[in-house]
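Take a look at the structure below.
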Amino acid sequence: GASGQRCMALSVVVLAGFGDADAAAFAKRVVDAASRLRVGTGRDADFGPVVTPAARQRVVNLVAAARREGAHVLLDGTGPATPVDPAARPGLDLHRPRGGNWLLPTIVAGVAERMEIYASEVFGPVLLLMRADSLPDATALLNRNACGNGAAIFTGSGAAARAFSRGVAAGQVGVNVPIPLGPAIGGFTGRGPGSFVGDLGMYGPAGLMFYTSPKNIVERWEEPSAAGAGAPAAESKPSMVIPS
């Protein structure tokens, strides 16, 4: 519903170990599914417009640059969007007025690491398809990217899932789930200069320190005398209490 305008959009798919035929079949399935998405406003819309005309133009420019750099735009949603008249779609609550910052689903294949569209966060309804010879190669590709909020693997192999989870440097890792972002106590952290600044995250165990102001307390107490108030008290050792 966010039109790809979120840091956890996970807008790149890396096909690890796919042959040409399998990669082409996968791309066709993705294009077919994306073509059925409903863009507009209303209860039946899958997602709406991007936030500003400048944001729309930025996405258009990145897709155009990818095409110039040799990528294949399998589904191009960067052209003018046809208005949707709700009266022409009885029973469907979907509106797309003329004008507005509309972008339709866009699929770009043959993306290379050197391309601007991969090096930048697109922040639009654009999915990039890349290929790697193996799972280690795919993991290394992700680890070289400066943005590392989240990564996910879809596999039927427990061994592959474990290798990926341990090897990828993203802050949030999902196994067979598209958006690996749990509740706040589960942690949310990025990796690399494009995703995280500082030395402590806001959530997870580090959040206890992020939101805590440590206090050191040094105390000295004299033991009460059994002989009465006038008798000398026994000496006690200083103690230090540091709350965790």
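Starting from 1 in every chain, residues are counted up; chains themselves are A, B, ... following the order of the structure tokens, and ligands are numbered from 1 as listed.
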
Quiz item: Just asking: which residues within segment 8-143 of chain A are helix (DSSP H, G or I) according to DSSP, as an MDAnalysis selection string?
Solution: chainID A and resid 20:35 53:68 86:88 116:119 135:143

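Excluding segment 42-56 of chain A itself and any same-chain residue fewer than 2 positions from it, the protein and nucleic acid residues within 6 Å of it, counting only C-alpha atoms, are Gly1, Ser3, Arg38, Val39, Gly40, Arg58, Val59, Asp93, Leu94, Asn101 and Trp102 of chain A.
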
Write out as a CSV table (one decimal) with N, CA, C and O atoms, in the first residue's frame each polymer residue whose atoms come within 12 Å of Arg114 of chain A, counting only C-alpha atoms; drop sequence neighbours fewer than 2 positions from it.
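Writing the result to result29.csv gives the following:
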chain,number,residue,atom,x,y,z
A,65,ALA,N,17.1,5.8,-17.0
A,65,ALA,CA,18.5,5.5,-16.9
A,65,ALA,C,18.9,4.1,-17.0
A,65,ALA,O,19.9,3.7,-17.6
A,66,ALA,N,18.1,3.2,-16.3
A,66,ALA,CA,18.3,1.8,-16.3
A,66,ALA,C,18.2,1.3,-17.8
A,66,ALA,O,19.0,0.4,-18.2
A,69,GLU,N,21.2,2.1,-19.6
A,69,GLU,CA,22.4,1.4,-19.2
A,69,GLU,C,22.3,-0.1,-19.5
A,69,GLU,O,23.2,-0.9,-19.2
A,70,GLY,N,21.3,-0.5,-20.2
A,70,GLY,CA,21.2,-1.9,-20.7
A,70,GLY,C,20.2,-2.8,-20.0
A,70,GLY,O,20.1,-4.0,-20.4
A,71,ALA,N,19.5,-2.3,-19.0
A,71,ALA,CA,18.5,-3.2,-18.4
A,71,ALA,C,17.2,-3.3,-19.3
A,71,ALA,O,17.1,-2.6,-20.3
A,110,GLY,N,17.5,-7.7,-15.8
A,110,GLY,CA,18.9,-7.5,-16.3
A,110,GLY,C,19.6,-6.4,-15.6
A,110,GLY,O,20.5,-5.7,-16.2
A,111,VAL,N,19.3,-6.1,-14.3
A,111,VAL,CA,19.9,-5.0,-13.6
A,111,VAL,C,21.3,-5.5,-13.1
A,111,VAL,O,21.4,-6.6,-12.7
A,112,ALA,N,22.2,-4.6,-13.3
A,112,ALA,CA,23.6,-4.8,-12.8
A,112,ALA,C,24.0,-3.9,-11.7
A,112,ALA,O,23.3,-2.9,-11.5
A,116,GLU,N,22.6,2.9,-11.8
A,116,GLU,CA,22.1,3.9,-10.8
A,116,GLU,C,20.9,3.4,-10.1
A,116,GLU,O,20.7,3.7,-8.9
A,117,ILE,N,20.0,2.7,-10.8
A,117,ILE,CA,18.7,2.3,-10.2
A,117,ILE,C,19.0,1.3,-9.1
A,117,ILE,O,18.1,1.2,-8.2
A,118,TYR,N,20.1,0.5,-9.2
A,118,TYR,CA,20.4,-0.4,-8.1
A,118,TYR,C,21.1,0.3,-6.9
A,118,TYR,O,20.9,0.0,-5.8
A,119,ALA,N,22.0,1.2,-7.3
A,119,ALA,CA,22.8,1.9,-6.3
A,119,ALA,C,21.9,2.9,-5.4
A,119,ALA,O,22.2,3.2,-4.3
A,120,SER,N,20.8,3.3,-6.0
A,120,SER,CA,19.9,4.3,-5.3
A,120,SER,C,18.7,3.5,-4.8
A,120,SER,O,18.3,2.4,-5.3
A,130,MET,N,17.6,-9.3,-10.5
A,130,MET,CA,19.0,-9.5,-10.7
A,130,MET,C,19.3,-11.0,-10.7
A,130,MET,O,18.4,-11.8,-10.2
A,141,LEU,N,26.7,-10.0,-3.0
A,141,LEU,CA,26.1,-8.9,-3.7
A,141,LEU,C,25.4,-8.0,-2.8
A,141,LEU,O,25.6,-6.8,-2.8
A,144,ARG,N,27.6,-5.9,-0.4
A,144,ARG,CA,28.3,-4.8,-0.9
A,144,ARG,C,27.4,-3.6,-1.1
A,144,ARG,O,28.0,-2.5,-1.3
A,145,ASN,N,26.1,-3.7,-0.9
A,145,ASN,CA,25.2,-2.6,-1.0
A,145,ASN,C,25.3,-1.8,0.3
A,145,ASN,O,25.3,-2.3,1.4

Self-check item: Neighbour list for segment 11-14 of chain A as a PyMOL selection string, cut-off 8 Å, only C-alpha atoms, skip fewer than 6 positions in-chain
Solution: chain A and resi 4+126-132+138

Quiz item: Pick the closest to Val173 of chain A from A:Ala152, A:Ala160, A:Ala81, A:Val122: which is it, counting only C-alpha atoms?
Solution: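 Smallest distance to Val173 of chain A is found for A:Ala152.
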
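The space between atom CA of Val73 of chain A and atom CA of Lys28 of chain A spans 12.2 Å.
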
Self-check item: Distance in Å - atom CA of Leu75 of chain A versus atom CA of Pro105 of chain A
Solution: 7.1 Å

Practice problem: Mind checking which residues fall within 10 Å of Pro80 of chain A, counting only C-alpha atoms, ignoring those fewer than 3 positions away in the same chain, and posting them as a list in words? | Solution: Gly77, Pro83, Arg98, Gly99, Gly100, Asn101, Trp102, Leu103 and Leu104 of chain A

Just to be explicit: take each residue in the selection above, keep N, CA and C atoms, and write the result as an mmCIF file, in the first residue's frame.
data_model
loop_
_atom_site.group_PDB
_atom_site.id
_atom_site.type_symbol
_atom_site.label_atom_id
_atom_site.label_comp_id
_atom_site.auth_asym_id
_atom_site.auth_seq_id
_atom_site.Cartn_x
_atom_site.Cartn_y
_atom_site.Cartn_z
ATOM 1 N N GLY A 77 5.489 1.192 -16.016
ATOM 2 C CA GLY A 77 4.362 1.937 -15.465
ATOM 3 C C GLY A 77 4.658 3.402 -15.289
ATOM 4 N N PRO A 83 -7.029 7.522 -16.381
ATOM 5 C CA PRO A 83 -7.965 7.692 -15.269
ATOM 6 C C PRO A 83 -8.917 6.505 -15.147
ATOM 7 N N ARG A 98 -7.829 11.997 -12.983
ATOM 8 C CA ARG A 98 -6.854 12.516 -13.943
ATOM 9 C C ARG A 98 -5.848 13.404 -13.200
ATOM 10 N N GLY A 99 -4.608 13.371 -13.654
ATOM 11 C CA GLY A 99 -3.563 14.103 -12.945
ATOM 12 C C GLY A 99 -3.083 13.299 -11.751
ATOM 13 N N GLY A 100 -2.392 13.915 -10.863
ATOM 14 C CA GLY A 100 -1.893 13.201 -9.698
ATOM 15 C C GLY A 100 -0.555 12.535 -9.983
ATOM 16 N N ASN A 101 0.047 12.023 -8.947
ATOM 17 C CA ASN A 101 1.393 11.465 -9.032
ATOM 18 C C ASN A 101 1.345 9.952 -9.223
ATOM 19 N N TRP A 102 0.611 9.505 -10.236
ATOM 20 C CA TRP A 102 0.403 8.076 -10.424
ATOM 21 C C TRP A 102 1.605 7.413 -11.097
ATOM 22 N N LEU A 103 1.978 6.263 -10.578
ATOM 23 C CA LEU A 103 2.936 5.368 -11.214
ATOM 24 C C LEU A 103 2.362 3.965 -11.131
ATOM 25 N N LEU A 104 2.346 3.259 -12.240
ATOM 26 C CA LEU A 104 1.859 1.884 -12.248
ATOM 27 C C LEU A 104 3.026 0.929 -11.981
#

Quiz item: So what do you get for atom CA of Gly156 of chain A versus atom CA of Ala21 of chain A, distance-wise?
Solution: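 Separation of atom CA of Gly156 of chain A and atom CA of Ala21 of chain A: 20.0 Å.
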